[in-house]
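Down below is the structure, laid out as structure tokens.
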Amino acid sequence: MKKAISVILALIMTASLASCGNDGGISVSADPAVSADASIGGEGDVKTKEDSTKFRIGIVTGSYAQSEDDRRGAEAFAEKYGNDMVTIGIYPDNFTEELETTIQIIENLADDPLIKAIVVNQAVDGTAEAFRRIKQKRPDIICIAGEAYEDFEDISEAADLVVCSDFVARGYLMIRSAHELGCDTFVHISFPRHLSYESVERQVAVMRAACEEFGMDFEMETAPDPTTDVGVPGAQKFITEHVSEWVDKYGENSAYFCTNDAHTEPLIRMLLQNGGYFIEADLPSPLMGYPGALDLDLSAESGDFDAINKKIEKAIVDKGGAGRFGTWTYSYGYTVSAGLAEHARRVILGESVLTDINDLSKAYGVFSPKAEWNGSYYNDVATDMRYDNTILIYQDTYIFGDPGHYMGTTKVEVPEEYFLIK
């Protein structure tokens with residue numbers, strides 16, 4: 001059911017911020033302070049031939065606080081093609097409480113007649129409604145959702161293309177990897193809002209079944225939602241205060257997984273101190289949680305994922321964490337923002353087919369050279385319906401060590417029955 005995709009393509013470009021500038025690019029945000037960044041445009045910029053084409057691509061992400069990798073990926077695309085091809089939007093951190101603001105930020109991009117495609121990563125609540133409004137007034141705009149929060153039936157109907165991490169295959173593969181590393185317990189950390197999403201609900205069911213197959217215990221813990229009144233600081237404080245308690249409860253051979261980006265940094269930091277395993281983040285990346293947890297300055301390595309991984313690996317080994325912490329070697333959030341924009345650009349230019357997995361993987365490969373990906377079209381287990389515009393993907397898992405190693409997950413055949421679990 002899976003088709004392995006091996007991608008070896010161009011060198012990744014260094015990320016740089018796209019914002020207001022004299023060359024026509026704009027930035028929109030719920031908070032004016034967020035968009036007060038310097039332009040990358042200027043007479044000294046080296047422009048590619050696509051800079052003169054008369055279209056723009058809108059990329060909407062979360063803020064640095066909530067989704068730094070997603071934002072950096074948008075900036076990398078802007079750096080590669082020039083500020084005049086890109087408009088970057090930022091939805092509110094508290095998007096669940098500011099739903100109409102989120103919708104307006106996405107919808108307002110369509111007011112620019114040069115916008116030909118809009119990419120939203122992560123496609124939080126309100127994205128489907130924004131796309132519906134856009135299609136009513138600008139049916140020519142290609143609407144793409146990356147890592148969708150809303151029900152697939154809803155977002156797949158509103159969007160032209162939906163691309164998410166493969167929550168089914170990864171649900172199985174994370175448990176399998178934890179088992180191979182010697183773990184006897186897998187602990188899932190989340191909160192009611194995330195658990196209400198179809199993708200998270202199905203992944204929990206898959207993880208629970210996989211734990212039964214491999215003779216492991218499956219446990220669930222609840223942590224605060226960062227979009228509520230406690231905010232990101234309160235949610236992170238909770239994780240910091242409870243990890244040692246969880247490791248005492250479940251043992252040092254327990255592996256931990258959280259569904260929220262903001263929880264990742266304190267979870268990694270405290271597992272380094274208290275024992276336990278971390279297979280990979282919900283949206284895996286060496287930049288997700290690791291720099292903050294390890295107190296690393298990666299500014300000199302910006303955009304060079306080989307150098308980033310080496311520096312993180314050394315720090316983990318020095319702190320005694322070899323063999324216990326993993327990631328995807330290329331940031332998922334970064335690749336989705338930049339890769340989906342690249343895919344949209346190629347589709348607009350007539351070089352790619354929007355819903356073709358091979359074309360999509362080639363676009364992702366521009367920003368994840370040498371990465372191995374696996375992907376398939378989404379199937380609704382309730383209706384047995386395949387969504388030809390909804391693609392699930394994942395990358396191989398790398399475990400930091402001395403030396404580190406890949407788990408070979410993209411080559412593993414996930415048993416068919418896991419794709420039927422509701």
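Letters A, B, ... mark the chains of the structure tokens in the order given; residue numbers begin at 1 per chain; ligand numbers begin at 1, in order shown.
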I'd like a table as a tab-separated table: residues in segment 89-160 of chain A with an atom no more than 12 Å from segment 275-297 of chain A, each row giving the shortest atom pair and its distance in Å to one decimal, only C-alpha atoms counted, sorted by chain and rising residue number.
residue	atom	partner	partner_atom	distance
A:Asn121	CA	A:Leu283	CA	11.4
A:Gln122	CA	A:Leu283	CA	10.1
A:Gly146	CA	A:Leu283	CA	11.4
A:Glu147	CA	A:Leu283	CA	8.9
Written selection (N, CA and C atoms) as a PDB file, in the first residue's frame:
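Output saved as out19.pdb:
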ATOM      1  N   ASN A 121       0.217  26.233   6.487  1.00  0.00           N
ATOM      2  CA  ASN A 121       0.933  25.204   7.250  1.00  0.00           C
ATOM      3  C   ASN A 121       1.280  25.762   8.636  1.00  0.00           C
ATOM      4  N   GLN A 122       0.684  25.221   9.635  1.00  0.00           N
ATOM      5  CA  GLN A 122      -0.252  24.126   9.733  1.00  0.00           C
ATOM      6  C   GLN A 122      -1.660  24.661   9.439  1.00  0.00           C
ATOM      7  N   GLY A 146      -1.386  22.204   4.491  1.00  0.00           N
ATOM      8  CA  GLY A 146      -0.343  21.343   5.043  1.00  0.00           C
ATOM      9  C   GLY A 146      -0.639  21.025   6.490  1.00  0.00           C
ATOM     10  N   GLU A 147      -0.585  19.765   6.853  1.00  0.00           N
ATOM     11  CA  GLU A 147      -0.830  19.300   8.228  1.00  0.00           C
ATOM     12  C   GLU A 147      -2.150  19.864   8.753  1.00  0.00           C
TER      13      GLU A 147
END
* Could you pull out all residues of segment 168-401 of chain A with a DSSP call of helix (DSSP H, G or I) and give them as a PyMOL selection string? -> chain A and resi 168-180+192-195+198-213+231-250+261-274+290-294+299-301+305-318+332-348+357-365
* Best match for closeness to Ile312 of chain A among A:Glu129, A:Asp380, A:Asp229, A:Asp402, counting only C-alpha atoms -> A:Asp402
* Asked: Contacts of Ala110 of chain A at 8 Å or less, counting only C-alpha atoms, minus same-chain residues fewer than 2 places along, as a list in words?
  ->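 So, after excluding close chain neighbours, the residues are Ile106, Glu107, Asn108, Asp112, Pro113, Ile115, Ile134, Arg138 and Ile141 of chain A.
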Grab the residues selected above and save them as a PDB file, in the first residue's frame with N, CA and C atoms.
ATOM      1  N   ILE A 106      -6.044  34.471   6.118  1.00  0.00           N
ATOM      2  CA  ILE A 106      -5.902  33.601   4.946  1.00  0.00           C
ATOM      3  C   ILE A 106      -6.682  34.180   3.762  1.00  0.00           C
ATOM      4  N   GLU A 107      -7.933  34.549   4.021  1.00  0.00           N
ATOM      5  CA  GLU A 107      -8.808  35.028   2.945  1.00  0.00           C
ATOM      6  C   GLU A 107      -8.285  36.308   2.312  1.00  0.00           C
ATOM      7  N   ASN A 108      -7.725  37.203   3.117  1.00  0.00           N
ATOM      8  CA  ASN A 108      -7.283  38.501   2.603  1.00  0.00           C
ATOM      9  C   ASN A 108      -6.165  38.387   1.569  1.00  0.00           C
ATOM     10  N   ASP A 112      -5.059  40.210  -3.391  1.00  0.00           N
ATOM     11  CA  ASP A 112      -3.944  40.548  -4.287  1.00  0.00           C
ATOM     12  C   ASP A 112      -4.154  39.799  -5.606  1.00  0.00           C
ATOM     13  N   PRO A 113      -4.358  40.500  -6.716  1.00  0.00           N
ATOM     14  CA  PRO A 113      -4.634  39.813  -7.992  1.00  0.00           C
ATOM     15  C   PRO A 113      -3.474  38.958  -8.489  1.00  0.00           C
ATOM     16  N   ILE A 115      -1.744  36.905  -6.556  1.00  0.00           N
ATOM     17  CA  ILE A 115      -1.709  35.643  -5.812  1.00  0.00           C
ATOM     18  C   ILE A 115      -2.367  34.546  -6.641  1.00  0.00           C
ATOM     19  N   ILE A 134     -12.422  31.976  -0.352  1.00  0.00           N
ATOM     20  CA  ILE A 134     -11.497  32.325  -1.442  1.00  0.00           C
ATOM     21  C   ILE A 134     -12.013  31.796  -2.771  1.00  0.00           C
ATOM     22  N   ARG A 138     -12.319  33.874  -5.957  1.00  0.00           N
ATOM     23  CA  ARG A 138     -11.144  33.640  -6.791  1.00  0.00           C
ATOM     24  C   ARG A 138     -10.957  32.143  -7.020  1.00  0.00           C
ATOM     25  N   ILE A 141      -7.387  30.499  -7.721  1.00  0.00           N
ATOM     26  CA  ILE A 141      -6.313  30.321  -6.734  1.00  0.00           C
ATOM     27  C   ILE A 141      -6.225  28.860  -6.295  1.00  0.00           C
TER      28      ILE A 141
END
* Asked: Excluding same-chain residues fewer than 6 positions from Phe400 of chain A, what lies within 6 Å of it counting only C-alpha atoms, as a PyMOL selection string?
  -> chain A and resi 313+322-323+325-326
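The spacing separating atom CA of Tyr149 of chain A from atom CA of Val124 of chain A amounts to 5.1 Å.
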* Nearby residues (only C-alpha atoms) at most 9 Å from Ala123 of chain A, same-chain spacing under 2 positions excluded, as a PyMOL selection string -> chain A and resi 60-61+119-121+125-128+144-150+155
* Asked: When distances are computed from only C-alpha atoms, which of A:Ala205, A:Leu181, A:Pro192, A:Met85 shows the smallest separation from Thr228 of chain A?
  ->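 Distance minimum relative to Thr228 of chain A lands on A:Pro192.
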* **Between atom CA of Cys164 of chain A and atom CA of Gly375 of chain A, distance in Å (one decimal)** =>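 Computing it gives 9.8 Å between the two atoms.
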